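Down below is the structure, laid out as structure tokens.
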Amino acid sequence: MADGAPTLSIHIFTVEPADFERLVKSATEALGKASTLPGFVRINIFGNASHTKLLLAGEWQSEHAWSRTLWDDLIEKDLTDLVEHSEDHEFELYSHIAP
């Protein structure tokens with residue numbers, strides 16, 4: 001990955017419908033904290049109709065900017081809550097490679 005390239009972080013959580021709203025709240029809190037970090041562009045939160053999937057799509061100015069989230073204790077706390085209360089968690093980091 002090119003460090004200077006715009007970067008997307010994609011998290012997909014499989015959750016119990018009963019936990020969905022609470023986990024959306026955790027994701028929203030993490031979003032508020034991430035938005036203060038240098039290099040943050042935006043995060044969109046999506047959920048499916050059955051409330052079993054939660055997708056966080058974060059956009060960062062670079063991979064380096066994204067990596068700052070790994071060292072932020074408050075963001076880590078919210079993401080840990082999401083991971084621990086999910087049946088499954090997928091994560092992938094993507095770099096912009098073409099217009």
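Ordering of the structure tokens sets the chain letters (A, B, ...); residue numbers start at 1 within each chain; ligands are numbered from 1 in the order shown.
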Original post:
What's the 7 Å shell around stretch 87-97 of chain A, counting only C-alpha atoms, without same-chain residues fewer than 3 positions away, as a PyMOL selection string?
Top reply: chain A and resi 1-2+5-15+83
**OP:** Excluding A:Arg68 and residues on its chain fewer than 6 positions from it, collect all residues at most 12 Å away from it, counting only C-alpha atoms, and give them as a list in words.
**Re:** Lys33, Ala34, Ser35, Thr36, Leu37, Pro38, Gly39, Phe40, Trp60, Gln61, Ser62, Leu74, Ile75 and Glu76 of chain A
Write the residues of the selection above to a file with N, CA and C atoms, as a compact mmCIF listing (two decimals), in the first residue's frame.
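selection_4.txt, freshly written:
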# COMPACT_ATOMS: atom_id res chain seq x y z
N LYS A 33 -15.06 10.34 18.04
CA LYS A 33 -13.67 10.43 18.52
C LYS A 33 -12.69 10.43 17.35
N ALA A 34 -12.95 9.58 16.36
CA ALA A 34 -12.05 9.49 15.20
C ALA A 34 -12.04 10.79 14.41
N SER A 35 -13.16 11.48 14.39
CA SER A 35 -13.27 12.70 13.58
C SER A 35 -12.34 13.81 14.05
N THR A 36 -11.78 13.67 15.24
CA THR A 36 -10.86 14.69 15.75
C THR A 36 -9.41 14.38 15.38
N LEU A 37 -9.14 13.21 14.82
CA LEU A 37 -7.77 12.81 14.50
C LEU A 37 -7.28 13.46 13.21
N PRO A 38 -6.01 13.83 13.15
CA PRO A 38 -5.45 14.37 11.90
C PRO A 38 -5.55 13.34 10.78
N GLY A 39 -5.95 13.78 9.60
CA GLY A 39 -6.04 12.89 8.45
C GLY A 39 -7.37 12.20 8.29
N PHE A 40 -8.29 12.41 9.24
CA PHE A 40 -9.63 11.84 9.13
C PHE A 40 -10.38 12.55 8.01
N TRP A 60 -9.62 7.91 5.11
CA TRP A 60 -8.49 8.61 5.71
C TRP A 60 -7.62 9.19 4.62
N GLN A 61 -6.89 10.24 4.93
CA GLN A 61 -6.00 10.85 3.93
C GLN A 61 -4.86 9.93 3.54
N SER A 62 -4.47 9.02 4.44
CA SER A 62 -3.37 8.10 4.16
C SER A 62 -3.44 6.93 5.13
N LEU A 74 -9.39 5.70 23.47
CA LEU A 74 -10.84 5.85 23.47
C LEU A 74 -11.48 5.15 22.28
N ILE A 75 -10.88 5.27 21.11
CA ILE A 75 -11.40 4.59 19.93
C ILE A 75 -11.25 3.08 20.10
N GLU A 76 -10.11 2.66 20.63
CA GLU A 76 -9.90 1.23 20.85
C GLU A 76 -10.97 0.64 21.77
Original post:
In Å, with one decimal, what is the gap from atom CA of A:Arg42 to atom CA of A:Glu16?
Top reply: 26.2 Å
